[in-house]
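To be precise, the following lines are upload-v1.cif, and they hold mmCIF, C-alpha atoms.
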data_start
#
loop_
_atom_site.label_atom_id
_atom_site.label_comp_id
_atom_site.auth_asym_id
_atom_site.auth_seq_id
_atom_site.Cartn_x
_atom_site.Cartn_y
_atom_site.Cartn_z
CA MET U 1 125.30 55.51 29.32
CA LYS U 2 122.07 57.34 30.12
CA TYR U 3 120.43 60.09 28.15
CA ASN U 4 120.76 62.55 31.06
CA ASP U 5 124.50 61.71 31.43
CA LEU U 6 125.40 62.96 27.95
CA ALA U 7 127.72 65.96 27.92
CA VAL U 8 126.04 68.20 25.40
CA THR U 9 127.30 71.66 24.48
CA LYS U 10 124.99 74.26 23.08
CA ASN U 11 125.46 75.05 19.38
CA THR U 12 126.00 78.81 19.51
CA ARG U 13 127.59 80.80 16.77
CA PRO U 14 130.29 83.32 17.66
CA SER U 15 128.92 86.86 18.04
CA ARG U 16 129.50 89.15 15.05
CA LYS U 17 130.10 92.54 16.61
CA GLY U 18 129.62 95.76 14.69
CA ARG U 19 127.23 94.26 12.09
CA GLY U 20 124.16 96.44 12.58
CA ILE U 21 121.55 97.29 15.20
CA SER U 22 119.65 94.00 14.94
CA ALA U 23 122.81 92.00 15.76
CA GLY U 24 122.69 93.34 19.35
CA GLN U 25 126.30 94.59 19.29
CA GLY U 26 126.06 97.11 16.46
CA LYS U 27 127.61 100.56 15.93
CA THR U 28 130.24 100.84 18.73
CA ALA U 29 130.23 97.04 19.35
CA GLY U 30 130.29 97.34 23.16
CA ARG U 31 133.46 99.48 23.22
CA GLY U 32 131.79 102.71 24.30
CA THR U 33 132.49 105.93 22.41
CA LYS U 34 135.93 107.21 21.42
CA GLY U 35 139.16 106.92 23.40
CA GLN U 36 142.14 104.60 23.14
CA LYS U 37 140.21 101.50 24.23
CA ALA U 38 137.60 102.06 21.52
CA ARG U 39 140.21 101.95 18.75
CA THR U 40 141.57 98.94 16.91
CA GLY U 41 144.68 97.37 18.47
CA HIS U 42 144.12 98.63 22.01
CA SER U 43 144.69 95.11 23.38
CA LYS U 44 148.39 95.36 22.46
CA MET U 45 149.06 97.80 25.32
CA PRO U 46 151.52 96.38 27.89
CA ALA U 47 150.33 95.39 31.37
CA GLY U 48 150.29 98.41 33.67
CA PHE U 49 150.05 100.91 30.78
CA MET U 50 148.22 104.01 31.96
CA GLY U 51 147.59 106.06 28.83
CA GLY U 52 151.14 107.32 28.30
CA GLN U 53 151.83 108.47 31.84
CA ARG U 54 154.13 106.62 34.22
CA ALA U 55 153.19 102.93 34.48
CA ILE U 56 151.77 101.71 37.80
CA MET U 57 154.77 99.42 38.42
CA GLN U 58 157.05 102.44 38.24
CA ALA U 59 154.79 104.60 40.41
CA ILE U 60 154.47 102.36 43.48
CA PRO U 61 157.32 102.26 46.04
CA LYS U 62 159.44 99.11 46.21
CA LEU U 63 160.46 97.32 49.40
CA LYS U 64 164.15 96.83 50.04
CA GLY U 65 165.66 93.45 50.78
CA PHE U 66 164.17 89.98 50.80
CA LYS U 67 161.61 88.32 53.08
CA SER U 68 161.79 84.57 53.52
CA PHE U 69 158.50 82.78 54.17
CA ARG U 70 160.28 79.56 55.21
CA ALA U 71 159.47 78.58 58.80
CA LYS U 72 162.44 78.98 61.12
CA ALA U 73 163.59 76.10 63.31
CA GLU U 74 162.74 76.24 67.02
CA VAL U 75 165.86 76.24 69.20
CA VAL U 76 166.40 73.89 72.15
CA TYR U 77 169.53 74.27 74.30
CA THR U 78 171.52 71.27 75.55
CA ASP U 79 171.21 72.24 79.25
CA ARG U 80 167.40 71.92 78.94
CA LEU U 81 167.83 68.30 77.77
CA ASN U 82 169.15 67.24 81.22
CA GLU U 83 165.53 66.81 82.40
CA LEU U 84 164.94 64.11 79.73
CA LYS U 85 166.18 60.52 79.55
CA GLY U 86 166.20 57.71 76.97
CA LYS U 87 164.90 58.33 73.45
CA VAL U 88 164.14 62.00 72.78
CA ASP U 89 162.24 63.08 69.65
CA ASN U 90 159.91 65.93 68.65
CA PHE U 91 156.97 64.41 70.59
CA THR U 92 159.05 64.14 73.79
CA LEU U 93 160.26 67.74 73.41
CA ALA U 94 156.67 68.94 72.85
CA GLU U 95 155.43 67.07 75.95
CA ALA U 96 158.21 68.72 77.99
CA THR U 97 157.04 72.11 76.51
CA LEU U 98 160.49 72.80 75.06
CA ILE U 99 158.91 73.30 71.60
CA SER U 100 155.45 74.50 70.55
CA SER U 101 154.43 71.46 68.48
CA PRO U 102 155.91 68.11 67.42
CA PHE U 103 155.44 69.12 63.77
CA VAL U 104 158.03 71.95 63.70
CA LYS U 105 161.73 71.99 62.78
CA VAL U 106 163.98 71.66 65.83
CA LYS U 107 167.62 72.65 66.20
CA ILE U 108 169.73 71.68 69.21
CA ILE U 109 172.37 74.25 70.24
CA THR U 110 175.07 73.98 72.91
CA ARG U 111 174.60 75.93 76.15
CA GLY U 112 175.70 74.79 79.55
CA GLU U 113 176.57 71.20 80.48
CA LEU U 114 174.78 68.06 79.27
CA THR U 115 174.91 65.21 81.79
CA SER U 116 172.03 62.86 80.91
CA LYS U 117 172.49 60.03 78.39
CA ILE U 118 169.92 60.53 75.60
CA GLU U 119 169.23 59.17 72.12
CA LEU U 120 168.27 62.33 70.27
CA GLU U 121 166.23 62.24 67.03
CA THR U 122 165.60 65.75 65.66
CA GLN U 123 166.03 67.66 62.42
CA PHE U 124 169.14 69.71 63.18
CA ALA U 125 171.93 70.00 65.75
CA SER U 126 175.11 72.04 65.88
CA LYS U 127 178.46 70.21 65.71
CA SER U 128 179.28 71.19 69.28
CA ALA U 129 175.85 69.94 70.46
CA ILE U 130 176.43 66.54 68.77
CA ALA U 131 179.86 66.37 70.44
CA ALA U 132 178.31 67.17 73.86
CA ILE U 133 175.63 64.47 73.38
CA LYS U 134 178.26 61.86 72.44
CA LYS U 135 180.48 62.92 75.36
CA ALA U 136 177.55 62.28 77.73
CA GLY U 137 177.22 58.77 76.25
CA GLY U 138 174.24 59.46 73.98
CA SER U 139 173.68 59.53 70.23
CA PHE U 140 172.20 61.87 67.60
CA LYS U 141 170.16 60.84 64.57
CA LYS U 142 168.89 63.29 61.96
CA VAL U 143 165.23 62.70 61.01
CA ALA U 144 162.81 64.33 58.56
CA ILE U 145 160.21 66.88 59.62
CA LEU U 146 156.98 65.20 60.71
CA LYS U 147 153.84 65.94 58.66
CA LYS U 148 150.63 66.92 60.41
CA PRO U 149 147.95 64.24 60.16
CA GLU U 150 145.09 65.28 57.88
CA ASN U 151 141.59 65.65 59.30
CA LYS U 152 139.20 63.35 57.44
CA THR U 153 136.00 64.55 59.12
CA LYS U 154 133.73 66.32 56.67
#
Could you write out this structure as structure tokens?
Amino acid sequence: MKYNDLAVTKNTRPSRKGRGISAGQGKTAGRGTKGQKARTGHSKMPAGFMGGQRAIMQAIPKLKGFKSFRAKAEVVYTDRLNELKGKVDNFTLAEATLISSPFVKVKIITRGELTSKIELETQFASKSAIAAIKKAGGSFKKVAILKKPENKTK
């Protein structure tokens, strides 16, 4: 322990408002003159209270419905998988420019005919897409969403 490492707090007394001119916060005690906020108990007003008129939460228009901020899965169709062979995961799909990034959710949906034998490892697939993959001699495995690697350069 060093003297300059000590955590020292200043010994200050609480301010005594409204106790005369020499106290620094005398007479109106920093509340201004008159009005509801100058009176005792003004802090008990509810949030959004606007002096007796309509509260601000009632005055502003409300939006209808619900907006989800959850990222939607990118869709890949089975007929686009014919170009690929062997093990297919998010990185393979990103290299083939079928998805924007390997770190997004991917859903495989049936469209057209699947002929190539692939071992698919993505987040989601429709039941008919899984059936089409198995019919072509491949397999489907559900995997978790990949996390982006953190940048450690600072």
Counting only C-alpha atoms, the option among U:Met1, U:Ala129, U:Ala29, U:Leu93 closest to Arg111 of chain U: U:Ala129
For atom CA of Ser139 of chain U and atom CA of Thr122 of chain U, the interatomic separation in Å (one decimal): 11.2 Å
The PyMOL selection byres ((chain U and resi 82) around 9) resolved against shown file, as a PyMOL selection string: chain U and resi 78-81+83-85+113-118
Would you save the residues of that selection, restricted to C-alpha atoms, as a PDB file, in the coordinates of the input?
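Result written to out-v4.pdb:
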ATOM      1  CA  THR U  78     171.520  71.270  75.550  1.00  0.00           C
ATOM      2  CA  ASP U  79     171.210  72.240  79.250  1.00  0.00           C
ATOM      3  CA  ARG U  80     167.400  71.920  78.940  1.00  0.00           C
ATOM      4  CA  LEU U  81     167.830  68.300  77.770  1.00  0.00           C
ATOM      5  CA  GLU U  83     165.530  66.810  82.400  1.00  0.00           C
ATOM      6  CA  LEU U  84     164.940  64.110  79.730  1.00  0.00           C
ATOM      7  CA  LYS U  85     166.180  60.520  79.550  1.00  0.00           C
ATOM      8  CA  GLU U 113     176.570  71.200  80.480  1.00  0.00           C
ATOM      9  CA  LEU U 114     174.780  68.060  79.270  1.00  0.00           C
ATOM     10  CA  THR U 115     174.910  65.210  81.790  1.00  0.00           C
ATOM     11  CA  SER U 116     172.030  62.860  80.910  1.00  0.00           C
ATOM     12  CA  LYS U 117     172.490  60.030  78.390  1.00  0.00           C
ATOM     13  CA  ILE U 118     169.920  60.530  75.600  1.00  0.00           C
TER      14      ILE U 118
END
Two-atom distance - atom CA of Ile60 of chain U, atom CA of Ala47 of chain U (Å):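 Taking atom CA of Ile60 of chain U as the start and atom CA of Ala47 of chain U as the end point, the length is 14.6 Å.
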Please, which residues in segment 1-106 of chain U fall within 8 Å of segment 142-145 of chain U when counting all atoms listed in the file, and what is the closest atom pair and distance in Å to one decimal for each, ordered by chain then residue number, as a Markdown table?
| residue | atom | partner | partner_atom | distance |
| --- | --- | --- | --- | --- |
| U:Phe103 | CA | U:Ile145 | CA | 6.7 |
| U:Val104 | CA | U:Ile145 | CA | 6.9 |
| U:Lys105 | CA | U:Ile145 | CA | 6.2 |
Selection dump of the PyMOL selection byres ((chain U and resi 106) around 8), as a list in words: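 Written out, the selection comes to Ala73, Glu74, Val75, Val76, Asn90, Ile99, Val104, Lys105, Lys107, Ile108, Thr122, Gln123 and Phe124 of chain U.
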Residue among U:Gly30, U:Gly86, U:Pro149, U:Gly65 lying closest to Pro102 of chain U, counting all atoms listed in the file: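 The answer is U:Pro149, which sits nearest to Pro102 of chain U.
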Since fewer atoms than expected are present, regenerate N, CA and C atoms for segment 114-147 of chain U and write them as a compact mmCIF listing (two decimals), keeping the file's coordinate frame.
# COMPACT_ATOMS: atom_id res chain seq x y z
N LEU U 114 175.73 69.16 79.46
CA LEU U 114 174.78 68.06 79.27
C LEU U 114 175.30 66.85 80.02
N THR U 115 174.48 66.34 80.95
CA THR U 115 174.91 65.21 81.79
C THR U 115 174.12 63.94 81.51
N SER U 116 172.86 64.06 81.09
CA SER U 116 172.03 62.86 80.91
C SER U 116 172.33 62.18 79.57
N LYS U 117 172.24 60.84 79.59
CA LYS U 117 172.49 60.03 78.39
C LYS U 117 171.18 59.94 77.61
N ILE U 118 171.15 60.52 76.40
CA ILE U 118 169.92 60.53 75.60
C ILE U 118 170.20 60.08 74.17
N GLU U 119 169.20 59.49 73.55
CA GLU U 119 169.23 59.17 72.12
C GLU U 119 168.36 60.20 71.41
N LEU U 120 169.00 61.20 70.84
CA LEU U 120 168.27 62.33 70.27
C LEU U 120 167.94 62.10 68.80
N GLU U 121 166.68 62.35 68.42
CA GLU U 121 166.23 62.24 67.03
C GLU U 121 165.48 63.51 66.66
N THR U 122 166.21 64.49 66.10
CA THR U 122 165.60 65.75 65.66
C THR U 122 166.10 66.09 64.26
N GLN U 123 165.69 67.27 63.79
CA GLN U 123 166.03 67.66 62.42
C GLN U 123 167.44 68.22 62.31
N PHE U 124 167.84 69.06 63.26
CA PHE U 124 169.14 69.71 63.18
C PHE U 124 169.81 69.74 64.54
N ALA U 125 171.14 69.81 64.52
CA ALA U 125 171.93 70.00 65.75
C ALA U 125 173.28 70.57 65.35
N SER U 126 173.80 71.47 66.17
CA SER U 126 175.11 72.04 65.88
C SER U 126 176.18 70.98 66.14
N LYS U 127 177.37 71.18 65.55
CA LYS U 127 178.46 70.21 65.71
C LYS U 127 178.86 70.08 67.17
N SER U 128 178.90 71.22 67.87
CA SER U 128 179.28 71.19 69.28
C SER U 128 178.21 70.50 70.13
N ALA U 129 176.94 70.61 69.73
CA ALA U 129 175.85 69.94 70.46
C ALA U 129 175.96 68.43 70.27
N ILE U 130 176.26 67.98 69.05
CA ILE U 130 176.43 66.54 68.77
C ILE U 130 177.61 66.00 69.58
N ALA U 131 178.69 66.79 69.66
CA ALA U 131 179.86 66.37 70.44
C ALA U 131 179.51 66.27 71.92
N ALA U 132 178.71 67.19 72.44
CA ALA U 132 178.31 67.17 73.86
C ALA U 132 177.42 65.97 74.15
N ILE U 133 176.53 65.63 73.22
CA ILE U 133 175.63 64.47 73.38
C ILE U 133 176.45 63.19 73.41
N LYS U 134 177.42 63.05 72.50
CA LYS U 134 178.26 61.86 72.44
C LYS U 134 179.17 61.75 73.67
N LYS U 135 179.63 62.89 74.17
CA LYS U 135 180.48 62.92 75.36
C LYS U 135 179.70 62.42 76.58
N ALA U 136 178.40 62.73 76.62
CA ALA U 136 177.55 62.28 77.73
C ALA U 136 177.13 60.82 77.57
N GLY U 137 177.53 60.18 76.46
CA GLY U 137 177.22 58.77 76.25
C GLY U 137 175.98 58.53 75.41
N GLY U 138 175.45 59.58 74.79
CA GLY U 138 174.24 59.46 73.98
C GLY U 138 174.56 59.40 72.50
N SER U 139 173.51 59.56 71.68
CA SER U 139 173.68 59.53 70.23
C SER U 139 172.72 60.51 69.58
N PHE U 140 173.06 60.95 68.36
CA PHE U 140 172.20 61.87 67.60
C PHE U 140 171.87 61.25 66.25
N LYS U 141 170.61 61.33 65.87
CA LYS U 141 170.16 60.84 64.57
C LYS U 141 169.30 61.93 63.93
N LYS U 142 169.65 62.27 62.68
CA LYS U 142 168.89 63.29 61.96
C LYS U 142 167.66 62.64 61.33
N VAL U 143 166.47 63.23 61.56
CA VAL U 143 165.23 62.70 61.01
C VAL U 143 164.50 63.79 60.22
N ALA U 144 163.59 63.38 59.36
CA ALA U 144 162.81 64.33 58.56
C ALA U 144 161.76 65.02 59.42
N ILE U 145 161.26 66.14 58.92
CA ILE U 145 160.21 66.88 59.62
C ILE U 145 158.92 66.08 59.55
N LEU U 146 158.22 65.96 60.66
CA LEU U 146 156.98 65.20 60.71
C LEU U 146 155.84 65.99 60.07
N LYS U 147 155.01 65.31 59.29
CA LYS U 147 153.84 65.94 58.66
C LYS U 147 152.66 65.88 59.61
